[in-house]
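This is final_38.txt (compact mmCIF, C-alpha atoms and all ligand atoms).
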```
# COMPACT_ATOMS: atom_id res chain seq x y z
CA MET Q 1 0.00 0.00 0.00
CA THR Q 2 1.31 3.47 -0.84
CA LEU Q 3 0.05 6.78 0.46
CA SER Q 4 -0.88 8.04 -2.96
CA GLY Q 5 -4.14 6.07 -3.03
CA ARG Q 6 -7.57 7.45 -2.28
CA ALA Q 7 -8.56 8.36 1.26
CA PRO Q 8 -10.13 5.60 3.40
CA HIS Q 9 -13.87 5.40 2.80
CA ASN Q 10 -15.04 6.48 6.22
CA LEU Q 11 -13.04 9.71 6.47
CA LYS Q 12 -15.84 12.06 5.47
CA VAL Q 13 -16.31 15.49 6.97
CA SER Q 14 -18.68 15.18 9.90
CA PRO Q 15 -21.04 18.13 10.28
CA PRO Q 16 -20.33 20.18 13.41
CA ALA Q 17 -22.29 18.43 16.14
CA THR Q 18 -23.72 20.56 18.90
CA ASP Q 19 -23.82 17.54 21.18
CA ALA Q 20 -20.16 16.84 20.55
CA ARG Q 21 -19.36 20.44 21.48
CA GLN Q 22 -21.29 20.04 24.71
CA LEU Q 23 -19.33 16.88 25.48
CA LEU Q 24 -16.07 18.76 24.96
CA GLU Q 25 -17.16 21.46 27.40
CA GLU Q 26 -18.07 18.78 29.91
CA ALA Q 27 -14.66 17.12 29.44
CA VAL Q 28 -12.87 20.40 30.20
CA ARG Q 29 -14.93 20.83 33.37
CA LEU Q 30 -14.29 17.24 34.49
CA GLY Q 31 -10.61 17.33 33.51
CA ASN Q 32 -9.79 20.54 35.36
CA ASP Q 33 -11.32 19.28 38.53
CA THR Q 34 -12.18 15.63 39.20
CA LEU Q 35 -10.01 13.75 36.70
CA ARG Q 36 -6.86 15.73 37.49
CA ARG Q 37 -7.40 15.16 41.22
CA LEU Q 38 -7.91 11.39 40.85
CA ALA Q 39 -4.95 10.73 38.52
CA PRO Q 40 -2.04 10.59 41.05
CA GLN Q 41 -3.67 7.91 43.20
CA ALA Q 42 -4.43 5.67 40.19
CA ASP Q 43 -0.84 6.10 39.00
CA SER Q 44 0.59 5.17 42.37
CA THR Q 45 -1.52 2.00 42.80
CA GLY Q 46 -1.47 1.13 39.10
CA GLU Q 47 -5.16 0.27 39.33
CA PHE Q 48 -7.74 0.97 36.64
CA PRO Q 49 -9.25 4.44 37.25
CA THR Q 50 -12.77 3.12 37.88
CA GLU Q 51 -14.04 6.36 39.36
CA SER Q 52 -12.67 8.52 36.54
CA VAL Q 53 -14.02 6.19 33.86
CA GLY Q 54 -17.35 6.30 35.70
CA HIS Q 55 -17.41 10.10 35.40
CA VAL Q 56 -16.52 9.82 31.72
CA ARG Q 57 -19.34 7.30 31.19
CA ASP Q 58 -21.88 9.35 33.15
CA ALA Q 59 -21.02 12.49 31.21
CA GLY Q 60 -21.71 10.64 27.95
CA LEU Q 61 -18.14 11.02 26.70
CA LEU Q 62 -17.91 7.35 25.61
CA GLY Q 63 -20.53 8.14 22.97
CA LEU Q 64 -18.43 10.72 21.11
CA GLY Q 65 -17.88 9.52 17.56
CA VAL Q 66 -20.91 7.21 17.52
CA PRO Q 67 -23.34 8.41 14.81
CA THR Q 68 -26.35 10.29 16.13
CA GLU Q 69 -28.76 7.74 14.61
CA PHE Q 70 -27.52 5.30 17.28
CA GLY Q 71 -27.84 7.83 20.09
CA GLY Q 72 -24.22 9.00 19.95
CA ALA Q 73 -22.91 12.53 19.69
CA GLY Q 74 -21.20 12.12 16.33
CA GLY Q 75 -18.08 14.20 16.10
CA THR Q 76 -15.26 15.13 13.77
CA PRO Q 77 -11.61 14.02 13.95
CA GLY Q 78 -10.84 17.51 15.28
CA GLN Q 79 -13.38 17.09 18.09
CA PHE Q 80 -11.94 13.68 18.93
CA ALA Q 81 -8.45 15.23 19.10
CA THR Q 82 -9.67 17.95 21.44
CA MET Q 83 -11.39 15.40 23.66
CA VAL Q 84 -8.28 13.21 23.94
CA GLU Q 85 -6.03 16.21 24.57
CA THR Q 86 -8.32 17.39 27.37
CA LEU Q 87 -8.56 13.98 29.08
CA SER Q 88 -4.85 13.23 28.68
CA GLN Q 89 -3.89 16.59 30.12
CA ALA Q 90 -5.67 15.49 33.28
CA ASP Q 91 -4.67 11.79 33.25
CA GLY Q 92 -2.53 10.09 30.59
CA SER Q 93 -3.77 6.59 31.45
CA LEU Q 94 -7.39 7.65 31.15
CA GLY Q 95 -6.58 9.30 27.81
CA MET Q 96 -5.18 6.00 26.47
CA ILE Q 97 -8.21 4.02 27.73
CA TYR Q 98 -10.38 6.52 25.84
CA ILE Q 99 -8.35 6.26 22.60
CA MET Q 100 -8.53 2.44 22.56
CA HIS Q 101 -12.28 2.56 23.23
CA PHE Q 102 -12.90 5.15 20.52
CA ALA Q 103 -10.78 3.32 17.92
CA ALA Q 104 -12.57 0.04 18.73
CA ALA Q 105 -15.92 1.82 18.41
CA LYS Q 106 -14.89 3.08 14.96
CA SER Q 107 -13.98 -0.50 14.02
CA ILE Q 108 -17.41 -1.67 15.19
CA GLU Q 109 -19.11 1.16 13.29
CA GLY Q 110 -17.34 0.13 10.08
CA SER Q 111 -18.02 -3.57 10.65
CA ILE Q 112 -20.25 -6.34 9.34
CA LEU Q 113 -21.02 -7.54 12.90
CA SER Q 114 -24.48 -9.08 13.18
CA ASN Q 115 -25.25 -7.03 16.33
CA ARG Q 116 -23.43 -3.89 15.20
CA ASP Q 117 -26.36 -1.50 15.72
CA MET Q 118 -27.08 -2.77 19.22
CA LEU Q 119 -23.40 -2.45 20.15
CA LEU Q 120 -23.28 1.11 18.87
CA ARG Q 121 -26.35 1.96 20.95
CA GLU Q 122 -24.68 0.45 24.03
CA ILE Q 123 -21.50 2.42 23.38
CA ALA Q 124 -23.49 5.61 22.86
CA SER Q 125 -25.29 5.08 26.17
CA GLY Q 126 -21.99 4.59 28.03
CA SER Q 127 -22.78 1.02 29.06
CA HIS Q 128 -20.13 -0.58 26.84
CA LEU Q 129 -16.35 -0.02 27.03
CA SER Q 130 -14.30 -1.53 24.21
CA THR Q 131 -10.63 -1.81 23.34
CA LEU Q 132 -8.14 -3.11 20.77
CA ALA Q 133 -6.24 -6.41 20.91
CA ALA Q 134 -3.94 -6.41 17.89
CA SER Q 135 -0.45 -6.93 19.36
CA GLU Q 136 0.52 -10.56 19.90
CA GLN Q 137 3.52 -12.14 21.54
CA GLY Q 138 4.72 -13.22 18.10
CA THR Q 139 3.90 -10.01 16.20
CA ARG Q 140 5.72 -7.91 18.76
CA SER Q 141 5.00 -4.28 17.78
CA GLN Q 142 4.25 -5.23 14.14
CA PHE Q 143 0.56 -5.62 14.97
CA TRP Q 144 -0.47 -5.88 11.32
CA LEU Q 145 1.14 -9.36 11.04
CA PRO Q 146 -0.98 -11.62 13.30
CA VAL Q 147 0.33 -15.08 14.19
CA SER Q 148 -3.02 -16.44 15.41
CA ARG Q 149 -5.38 -17.94 12.86
CA LEU Q 150 -9.08 -18.71 12.79
CA GLU Q 151 -9.87 -22.39 12.21
CA PRO Q 152 -13.26 -23.43 10.78
CA SER Q 153 -15.54 -25.27 13.23
CA ALA Q 154 -19.07 -26.68 13.09
CA ASP Q 155 -20.53 -23.37 14.41
CA GLY Q 156 -18.17 -20.89 12.83
CA PHE Q 157 -14.53 -20.71 13.89
CA THR Q 158 -12.21 -21.21 16.83
CA VAL Q 159 -8.98 -19.40 17.58
CA ASN Q 160 -5.92 -19.67 19.83
CA ALA Q 161 -4.09 -16.38 20.34
CA SER Q 162 -1.63 -14.77 22.75
CA LYS Q 163 -2.54 -11.10 22.76
CA SER Q 164 0.41 -9.43 24.44
CA TRP Q 165 -0.93 -6.03 25.53
CA VAL Q 166 -4.59 -5.10 25.84
CA THR Q 167 -5.55 -1.79 27.45
CA SER Q 168 -8.54 -2.00 29.85
CA ALA Q 169 -8.13 -5.79 29.72
CA HIS Q 170 -10.01 -6.52 32.98
CA ASN Q 171 -12.58 -3.80 32.50
CA ALA Q 172 -13.57 -3.77 28.83
CA ASP Q 173 -16.85 -5.33 27.71
CA SER Q 174 -15.40 -6.30 24.34
CA PHE Q 175 -12.20 -6.18 22.34
CA VAL Q 176 -11.49 -5.91 18.64
CA ALA Q 177 -9.02 -8.70 17.85
CA THR Q 178 -6.97 -9.58 14.79
CA ALA Q 179 -6.11 -13.02 13.38
CA GLN Q 180 -5.12 -14.61 10.12
CA SER Q 181 -8.03 -15.72 7.95
CA PRO Q 182 -8.77 -19.47 7.81
CA ALA Q 183 -6.24 -21.19 5.51
CA ALA Q 184 -4.28 -17.95 5.09
CA ASP Q 185 -0.92 -18.33 3.40
CA SER Q 186 0.42 -15.06 4.85
CA PRO Q 187 -0.16 -12.94 7.98
CA MET Q 188 -1.30 -10.14 5.65
CA ASN Q 189 -4.35 -12.30 4.85
CA SER Q 190 -6.12 -11.38 8.07
CA LEU Q 191 -9.46 -10.42 9.56
CA CYS Q 192 -10.81 -8.75 12.68
CA PHE Q 193 -13.38 -10.17 15.08
CA LEU Q 194 -15.09 -9.03 18.24
CA ALA Q 195 -14.45 -10.99 21.43
CA ARG Q 196 -15.61 -10.77 25.04
CA PRO Q 197 -13.00 -10.84 27.83
CA LYS Q 198 -15.40 -12.66 30.16
CA ALA Q 199 -16.36 -15.43 27.70
CA ASP Q 200 -15.24 -19.08 27.84
CA GLY Q 201 -11.79 -19.65 26.41
CA VAL Q 202 -10.46 -16.23 27.50
CA THR Q 203 -7.87 -15.75 30.25
CA VAL Q 204 -6.86 -12.23 31.19
CA GLY Q 205 -3.41 -12.06 32.80
CA ALA Q 206 -2.19 -9.68 35.47
CA SER Q 207 -1.95 -6.00 34.51
CA PHE Q 208 1.57 -4.79 33.76
CA ASP Q 209 3.39 -2.92 36.52
CA GLY Q 210 4.45 -0.39 33.88
CA LEU Q 211 6.80 2.57 33.88
CA GLY Q 212 4.14 4.90 32.54
CA LEU Q 213 0.40 4.83 31.77
CA ARG Q 214 0.35 2.70 34.88
CA SER Q 215 -3.39 2.65 35.43
CA ASN Q 216 -4.57 1.87 31.89
CA ASP Q 217 -5.00 -1.80 32.87
CA ALA Q 218 -2.85 -3.11 30.01
CA ALA Q 219 -2.55 -6.89 30.35
CA PRO Q 220 -2.01 -9.97 28.18
CA ILE Q 221 -5.06 -11.95 27.05
CA GLU Q 222 -4.93 -15.64 26.07
CA LEU Q 223 -7.55 -17.12 23.78
CA ARG Q 224 -7.69 -20.93 23.85
CA GLY Q 225 -10.25 -22.67 21.65
CA TYR Q 226 -12.23 -19.43 21.70
CA ALA Q 227 -15.41 -19.73 19.60
CA VAL Q 228 -15.92 -17.01 16.99
CA ALA Q 229 -19.38 -17.05 15.37
CA ALA Q 230 -19.74 -15.83 11.79
CA GLY Q 231 -21.70 -12.87 13.20
CA ASP Q 232 -18.69 -11.88 15.34
CA LEU Q 233 -16.58 -11.12 12.27
CA ILE Q 234 -15.86 -7.42 11.95
CA CYS Q 235 -14.75 -7.72 8.35
CA GLU Q 236 -14.61 -10.37 5.66
CA PRO Q 237 -11.66 -12.81 5.72
CA GLY Q 238 -8.75 -11.28 3.80
CA THR Q 239 -9.73 -7.67 4.56
CA GLY Q 240 -8.34 -7.33 8.10
CA PHE Q 241 -5.27 -5.40 7.02
CA GLN Q 242 -7.36 -2.90 5.02
CA HIS Q 243 -9.82 -2.56 7.91
CA LEU Q 244 -7.04 -1.85 10.40
CA LEU Q 245 -5.24 0.60 8.17
CA GLY Q 246 -8.25 2.31 6.62
CA THR Q 247 -10.83 2.35 9.40
CA VAL Q 248 -8.95 2.12 12.70
CA LEU Q 249 -5.46 3.53 12.17
CA PRO Q 250 -6.40 7.11 11.14
CA TRP Q 251 -8.41 7.62 14.34
CA PHE Q 252 -5.71 5.90 16.40
CA LEU Q 253 -3.07 8.26 14.96
CA VAL Q 254 -5.21 11.31 15.71
CA GLY Q 255 -5.85 10.05 19.25
CA THR Q 256 -2.29 9.14 20.11
CA ALA Q 257 -0.88 12.40 18.70
CA ALA Q 258 -3.45 14.35 20.73
CA HIS Q 259 -2.54 12.25 23.78
CA SER Q 260 1.10 13.34 23.51
CA ILE Q 261 0.03 16.96 23.05
CA GLY Q 262 -2.17 16.71 26.16
CA LEU Q 263 0.85 15.53 28.15
CA CYS Q 264 2.89 18.46 26.76
CA ARG Q 265 0.19 20.93 27.81
CA SER Q 266 0.09 19.44 31.28
CA ALA Q 267 3.88 19.87 31.61
CA VAL Q 268 3.77 23.47 30.34
CA HIS Q 269 1.00 24.33 32.79
CA LEU Q 270 2.79 22.76 35.77
CA VAL Q 271 6.08 24.51 34.93
CA GLU Q 272 4.34 27.89 34.56
CA GLN Q 273 2.86 27.43 38.03
CA HIS Q 274 6.13 26.23 39.54
CA LEU Q 275 8.27 29.03 38.08
CA GLY Q 276 5.72 31.63 39.12
CA ASN Q 277 5.32 30.38 42.68
CA SER Q 278 8.83 29.29 43.75
CA LYS Q 279 10.97 31.95 45.47
CA PHE Q 280 14.57 32.40 46.67
CA ALA Q 281 14.62 33.49 50.33
CA HIS Q 282 17.60 35.88 50.11
CA ASP Q 283 16.01 38.41 47.76
CA GLY Q 284 12.46 37.22 47.18
CA SER Q 285 13.09 36.62 43.47
CA ARG Q 286 11.24 33.81 41.74
CA LEU Q 287 12.39 30.98 39.51
CA ALA Q 288 10.48 32.87 36.83
CA ASP Q 289 13.14 35.61 37.07
CA LEU Q 290 15.81 33.23 35.71
CA PRO Q 291 16.17 33.67 31.93
CA ASN Q 292 17.43 30.12 31.39
CA LEU Q 293 14.22 28.68 32.90
CA ARG Q 294 12.08 31.08 30.89
CA GLY Q 295 13.99 29.82 27.86
CA GLN Q 296 13.15 26.23 28.74
CA LEU Q 297 9.49 27.18 29.09
CA ALA Q 298 9.60 28.96 25.74
CA ARG Q 299 11.03 25.85 24.07
CA MET Q 300 8.38 23.69 25.76
CA SER Q 301 5.44 25.82 24.70
CA THR Q 302 6.79 26.36 21.16
CA THR Q 303 7.31 22.63 20.64
CA THR Q 304 3.83 21.93 22.02
CA ASP Q 305 2.22 24.46 19.71
CA ALA Q 306 4.19 23.09 16.75
CA ALA Q 307 2.92 19.57 17.51
CA SER Q 308 -0.60 20.92 17.82
CA ALA Q 309 -0.34 22.81 14.50
CA LEU Q 310 0.93 19.72 12.70
CA LEU Q 311 -1.92 17.64 14.09
CA GLY Q 312 -4.38 20.39 13.12
CA ARG Q 313 -3.12 20.23 9.54
CA ALA Q 314 -3.41 16.45 9.46
CA VAL Q 315 -6.91 16.53 10.95
CA ALA Q 316 -8.00 19.10 8.36
CA ALA Q 317 -6.71 16.79 5.60
CA MET Q 318 -8.58 13.84 7.17
CA GLU Q 319 -11.81 15.83 7.45
CA GLY Q 320 -11.41 16.98 3.86
CA GLY Q 321 -10.84 13.43 2.59
CA ASP Q 322 -7.46 14.54 1.25
CA ALA Q 323 -5.22 11.77 -0.14
CA THR Q 324 -2.27 13.14 1.88
CA ALA Q 325 -4.12 12.65 5.17
CA THR Q 326 -2.48 9.37 6.18
CA LEU Q 327 1.05 10.67 5.60
CA LEU Q 328 0.27 13.85 7.55
CA LEU Q 329 -1.23 11.80 10.39
CA LEU Q 330 1.89 9.63 10.57
CA GLU Q 331 4.04 12.77 10.69
CA ALA Q 332 1.81 14.36 13.32
CA ARG Q 333 2.05 11.31 15.58
CA LEU Q 334 5.83 11.03 15.13
CA PHE Q 335 6.36 14.69 15.94
CA ALA Q 336 3.94 14.73 18.89
CA VAL Q 337 5.35 11.58 20.53
CA GLU Q 338 8.91 12.88 20.40
CA ALA Q 339 7.74 16.37 21.40
CA ALA Q 340 6.17 14.95 24.55
CA VAL Q 341 9.41 13.24 25.60
CA GLU Q 342 11.40 16.43 24.95
CA VAL Q 343 8.90 18.77 26.62
CA THR Q 344 8.44 16.66 29.74
CA ASP Q 345 12.23 16.18 30.05
CA ARG Q 346 12.70 19.98 29.94
CA ALA Q 347 9.90 20.30 32.47
CA LEU Q 348 11.72 18.00 34.90
CA ARG Q 349 14.79 20.26 34.70
CA CYS Q 350 12.67 23.33 35.47
CA GLY Q 351 11.00 21.49 38.32
CA GLY Q 352 14.31 20.67 40.06
CA GLY Q 353 14.04 18.75 43.33
CA ALA Q 354 10.34 19.55 43.62
CA ALA Q 355 9.70 17.54 40.46
CA PHE Q 356 12.21 14.83 41.33
CA SER Q 357 10.56 14.26 44.70
CA LYS Q 358 7.12 14.18 43.07
CA ARG Q 359 5.90 17.27 44.99
CA VAL Q 360 5.22 18.74 41.57
CA PRO Q 361 3.56 15.93 39.60
CA LEU Q 362 5.77 16.25 36.53
CA GLU Q 363 7.50 12.90 36.66
CA ARG Q 364 4.22 11.04 36.02
CA VAL Q 365 3.73 13.06 32.85
CA PHE Q 366 7.33 12.29 31.83
CA ARG Q 367 6.86 8.53 32.42
CA ASP Q 368 3.54 8.58 30.56
CA SER Q 369 5.15 10.32 27.59
CA LEU Q 370 7.65 7.48 27.12
CA ALA Q 371 4.94 4.95 26.24
CA GLY Q 372 4.18 6.68 22.95
CA ARG Q 373 7.58 5.78 21.54
CA ILE Q 374 7.12 2.04 21.92
CA MET Q 375 3.39 1.78 21.26
CA ALA Q 376 2.78 0.60 17.73
CA PRO Q 377 3.19 2.20 15.31
CA THR Q 378 6.39 2.97 17.26
CA THR Q 379 8.68 5.90 16.54
CA ASP Q 380 10.85 3.52 14.50
CA HIS Q 381 7.87 2.30 12.45
CA LEU Q 382 6.70 5.87 11.87
CA GLU Q 383 10.12 6.98 10.64
CA ASP Q 384 10.32 3.98 8.32
CA LEU Q 385 6.79 4.43 6.95
CA ILE Q 386 7.16 8.19 6.40
CA GLY Q 387 10.55 7.72 4.74
CA LYS Q 388 9.16 5.04 2.42
CA ALA Q 389 6.14 7.20 1.59
CA ARG Q 390 8.38 10.16 0.71
CA LEU Q 391 10.38 7.90 -1.60
CA GLY Q 392 7.25 6.46 -3.23
CA MET Q 393 8.05 2.98 -1.93
CA ASP Q 394 5.52 0.36 -0.85
CA LEU Q 395 4.87 0.81 2.87
CA PHE Q 396 4.33 -2.84 3.78
C1 LIG P 1 0.88 1.07 27.93
C2 LIG P 1 0.68 0.25 26.72
C3 LIG P 1 -0.60 -0.07 26.29
C4 LIG P 1 -0.79 -0.87 25.16
N1 LIG P 1 -2.05 -1.16 24.78
C5 LIG P 1 -2.27 -1.93 23.68
C6 LIG P 1 -3.60 -2.26 23.27
O1 LIG P 1 -4.59 -1.86 23.89
N2 LIG P 1 -3.75 -3.06 22.19
C7 LIG P 1 -2.69 -3.53 21.47
O2 LIG P 1 -2.90 -4.22 20.47
N3 LIG P 1 -1.41 -3.23 21.83
C8 LIG P 1 -1.19 -2.44 22.93
N4 LIG P 1 0.10 -2.15 23.33
C9 LIG P 1 1.22 -2.80 22.61
C10 LIG P 1 2.04 -1.86 21.75
O3 LIG P 1 1.30 -1.31 20.70
C11 LIG P 1 3.25 -2.60 21.18
O4 LIG P 1 2.84 -3.72 20.48
C12 LIG P 1 4.18 -3.06 22.26
O5 LIG P 1 4.48 -1.97 23.09
C13 LIG P 1 5.44 -3.56 21.60
O6 LIG P 1 6.27 -4.15 22.56
P1 LIG P 1 7.39 -5.22 22.11
O7 LIG P 1 8.24 -5.52 23.30
O8 LIG P 1 6.75 -6.37 21.44
O9 LIG P 1 8.19 -4.33 21.06
P2 LIG P 1 9.21 -4.80 19.93
O10 LIG P 1 8.49 -5.03 18.66
O11 LIG P 1 10.09 -5.88 20.45
O12 LIG P 1 10.05 -3.46 19.75
C14 LIG P 1 11.36 -3.24 20.32
C15 LIG P 1 12.02 -2.15 19.50
O13 LIG P 1 12.18 -2.62 18.15
C16 LIG P 1 11.69 -1.63 17.26
N5 LIG P 1 11.08 -2.27 16.06
C17 LIG P 1 10.17 -3.27 16.02
N6 LIG P 1 9.79 -3.52 14.76
C18 LIG P 1 10.48 -2.66 13.97
C19 LIG P 1 10.54 -2.41 12.57
N7 LIG P 1 9.77 -3.09 11.70
N8 LIG P 1 11.36 -1.42 12.13
C20 LIG P 1 12.12 -0.71 12.99
N9 LIG P 1 12.11 -0.90 14.32
C21 LIG P 1 11.31 -1.85 14.82
C22 LIG P 1 10.59 -0.91 18.04
O14 LIG P 1 10.38 0.40 17.53
C23 LIG P 1 11.16 -0.88 19.45
O15 LIG P 1 11.98 0.25 19.64
C24 LIG P 1 0.32 -1.35 24.45
C25 LIG P 1 1.61 -1.02 24.87
C26 LIG P 1 1.80 -0.24 25.98
C27 LIG P 1 3.20 0.09 26.42
```
Please rewrite the model in this file as structure tokens.
Ligand SMILES: Cc1cc2nc3c(=O)[nH]c(=O)nc-3n(C[C@H](O)[C@H](O)[C@H](O)COP(=O)(O)OP(=O)(O)OC[C@H]3O[C@@H](n4cnc5c(N)ncnc54)[C@H](O)[C@@H]3O)c2cc1C
Amino acid sequence: MTLSGRAPHNLKVSPPATDARQLLEEAVRLGNDTLRRLAPQADSTGEFPTESVGHVRDAGLLGLGVPTEFGGAGGTPGQFATMVETLSQADGSLGMIYIMHFAAAKSIEGSILSNRDMLLREIASGSHLSTLAASEQGTRSQFWLPVSRLEPSADGFTVNASKSWVTSAHNADSFVATAQSPAADSPMNSLCFLARPKADGVTVGASFDGLGLRSNDAAPIELRGYAVAAGDLICEPGTGFQHLLGTVLPWFLVGTAAHSIGLCRSAVHLVEQHLGNSKFAHDGSRLADLPNLRGQLARMSTTTDAASALLGRAVAAMEGGDATATLLLLEARLFAVEAAVEVTDRALRCGGGAAFSKRVPLERVFRDSLAGRIMAPTTDHLEDLIGKARLGMDLF
């Protein structure tokens, strides 16, 4: 696949949705208060942020992106980016839970699932949390090359799979999984299906005691003889790769870029407060009076705004159905992920011992920013894909 092809079919301009705007206002209110307050405790225990997700559910935020005909709020890629940025600024783990849910919901929306409409109504009502299960032990970060394969059975199919990392693993109601098609002769001949973490044949392992995004409940999931009915197929056998790349990946790139930008904004805000409030006793001057620290802040905010501008350009291309959208989205994610590591590293320097001792909660934002680099498509994948696209080479 090259990037010169037509835009994926579902990337139409969504009309501005009043309801989506209301949800964004609600997210800002929740983020500035409740979600920000709850984040440190969830990070320290590494437990799923049940209370925060409850607020997000109750406020209807899980229904952003679901078409209004199913009771959702609709919403454009730009509105999704704003939502993720707002939530991630308050709590990086919560932001990632939201991205995985939203991307899975987009997969369900673009699916051939027999109960698709009912699922979309459940998602819109906030009663259904979903997630993605693409990475496998054997695929490592190259999630588009599944090792697992569906085998035909009397009632449909069965599958054995070792999904290596699944966000919200113990708390999701469903997950969008990948596997090779029956009798596939290559991992590129794949499909997607919907599975239930609490069904027979599913074992959810212990959540990872991670460096960052500690409370997103990422855990391995084992499928052993798991029964997949024909109605559980998200796409036809042989079209899994296209479904992932055309329907899921664009939203995932928007979300993860916005996540990194949210972390940047959190760091900028915390440093502004710290520099403004911290004084030297001998003359009453503030850290803000030091030009080197103002310079660090200037670099932080400029890099953040650059990342935001690049994402804005990519989102505009996606909303306009522009053929360059995918390349711009890849660039936006690459820039934003690396920007977040740079910005939060600068923030730690400005925060001095206060940040190092966790009195100023910058180190959590720094740790959270590191996940972006190794979450597929990783920084290495992004560089490779963008370089190939620039050279007109096949991407995969
Ligand atoms: C917090 C968190 C949550 C996650 N949630 C989910 C989820 O909900 N669903 C899901 O499916 N996955 C999820 N993942 C998995 C994630 O997307 C990656 O698959 C996983 O982090 C890769 O780990 P690995 O050890 O297999 O990486 P490896 O593939 O071993 O990567 C090691 C290094 O090799 C590099 N590398 C690998 N392949 C290439 C290549 N082709 N070219 C150049 N360099 C390469 C990588 O960039 C990396 O630097 C999550 C990961 C994290 C950290």
*Once you count all atoms listed in the file, which residues end up no further than 8 Å from (-10.9, -12.4, 25.7) in the file's frame, shown as a list in words?*
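Result, sorted by chain then residue number: Ser174, Phe175, Ala195, Arg196, Pro197, Lys198, Ala199, Gly201, Val202, Thr203, Val204, Ile221, Glu222 and Leu223 of chain Q.
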Box dimensions and centre (Å, one decimal) enclosing range 73-77 of chain Q, axis-aligned, 8 Å extra per side, as AutoDock Vina command-line options:
```
--center_x -17.3 --center_y 13.6 --center_z 16.7 --size_x 27.3 --size_y 19.0 --size_z 21.9
```
*May I ask for the distance between CA of Ser278 in chain Q and CA of Val341 in chain Q, given in Å to one decimal place?*
24.2 Å
*Just the residues within 12 Å of Ala317 in chain Q, please, counting all atoms listed in the file, with nothing from its chain fewer than 3 positions along; format it as an MDAnalysis selection string.*
chainID Q and resid 7:8 11:13 76:78 250 254 310:314 320:329 332
Find the residues near ligand LIG 1 (chain P). Use a cut-off of 9 Å, count only C-alpha atoms and all ligand atoms, and write them as a compact mmCIF listing (two decimals) with C-alpha atoms, in the coordinates of the input.
```txt
# COMPACT_ATOMS: atom_id res chain seq x y z
CA SER Q 93 -3.77 6.59 31.45
CA MET Q 96 -5.18 6.00 26.47
CA ILE Q 97 -8.21 4.02 27.73
CA MET Q 100 -8.53 2.44 22.56
CA HIS Q 101 -12.28 2.56 23.23
CA THR Q 131 -10.63 -1.81 23.34
CA LEU Q 132 -8.14 -3.11 20.77
CA ALA Q 133 -6.24 -6.41 20.91
CA ALA Q 134 -3.94 -6.41 17.89
CA SER Q 135 -0.45 -6.93 19.36
CA GLU Q 136 0.52 -10.56 19.90
CA GLN Q 137 3.52 -12.14 21.54
CA GLY Q 138 4.72 -13.22 18.10
CA THR Q 139 3.90 -10.01 16.20
CA ARG Q 140 5.72 -7.91 18.76
CA SER Q 141 5.00 -4.28 17.78
CA GLN Q 142 4.25 -5.23 14.14
CA PHE Q 143 0.56 -5.62 14.97
CA LYS Q 163 -2.54 -11.10 22.76
CA SER Q 164 0.41 -9.43 24.44
CA TRP Q 165 -0.93 -6.03 25.53
CA VAL Q 166 -4.59 -5.10 25.84
CA THR Q 167 -5.55 -1.79 27.45
CA SER Q 168 -8.54 -2.00 29.85
CA ALA Q 169 -8.13 -5.79 29.72
CA PHE Q 175 -12.20 -6.18 22.34
CA VAL Q 176 -11.49 -5.91 18.64
CA ALA Q 177 -9.02 -8.70 17.85
CA THR Q 178 -6.97 -9.58 14.79
CA PHE Q 208 1.57 -4.79 33.76
CA GLY Q 210 4.45 -0.39 33.88
CA LEU Q 211 6.80 2.57 33.88
CA GLY Q 212 4.14 4.90 32.54
CA LEU Q 213 0.40 4.83 31.77
CA ARG Q 214 0.35 2.70 34.88
CA SER Q 215 -3.39 2.65 35.43
CA ASN Q 216 -4.57 1.87 31.89
CA ASP Q 217 -5.00 -1.80 32.87
CA ALA Q 218 -2.85 -3.11 30.01
CA ALA Q 219 -2.55 -6.89 30.35
CA ASP Q 368 3.54 8.58 30.56
CA LEU Q 370 7.65 7.48 27.12
CA ALA Q 371 4.94 4.95 26.24
CA GLY Q 372 4.18 6.68 22.95
CA ARG Q 373 7.58 5.78 21.54
CA ILE Q 374 7.12 2.04 21.92
CA MET Q 375 3.39 1.78 21.26
CA ALA Q 376 2.78 0.60 17.73
CA PRO Q 377 3.19 2.20 15.31
CA THR Q 378 6.39 2.97 17.26
CA THR Q 379 8.68 5.90 16.54
CA ASP Q 380 10.85 3.52 14.50
CA HIS Q 381 7.87 2.30 12.45
CA LEU Q 382 6.70 5.87 11.87
CA GLU Q 383 10.12 6.98 10.64
CA ASP Q 384 10.32 3.98 8.32
```
_One number please: CA of Glu363 in chain Q to CA of Arg37 in chain Q, in Å, one decimal._
15.7 Å
Assuming the input is short of atoms at range 301-305 of chain Q, produce N, CA and C atoms for that part as a tab-separated table (two decimals), in the frame of the given file.
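Below is the file part13.tsv, written as the result:
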```tsv
chain	number	residue	atom	x	y	z
Q	301	SER	N	6.74	25.40	25.24
Q	301	SER	CA	5.44	25.82	24.70
Q	301	SER	C	5.50	25.90	23.17
Q	302	THR	N	6.68	26.28	22.62
Q	302	THR	CA	6.79	26.36	21.16
Q	302	THR	C	6.68	24.97	20.54
Q	303	THR	N	7.36	24.00	21.16
Q	303	THR	CA	7.31	22.63	20.64
Q	303	THR	C	5.88	22.09	20.75
Q	304	THR	N	5.21	22.39	21.85
Q	304	THR	CA	3.83	21.93	22.02
Q	304	THR	C	2.92	22.52	20.94
Q	305	ASP	N	3.08	23.81	20.72
Q	305	ASP	CA	2.22	24.46	19.71
Q	305	ASP	C	2.54	23.96	18.30
```
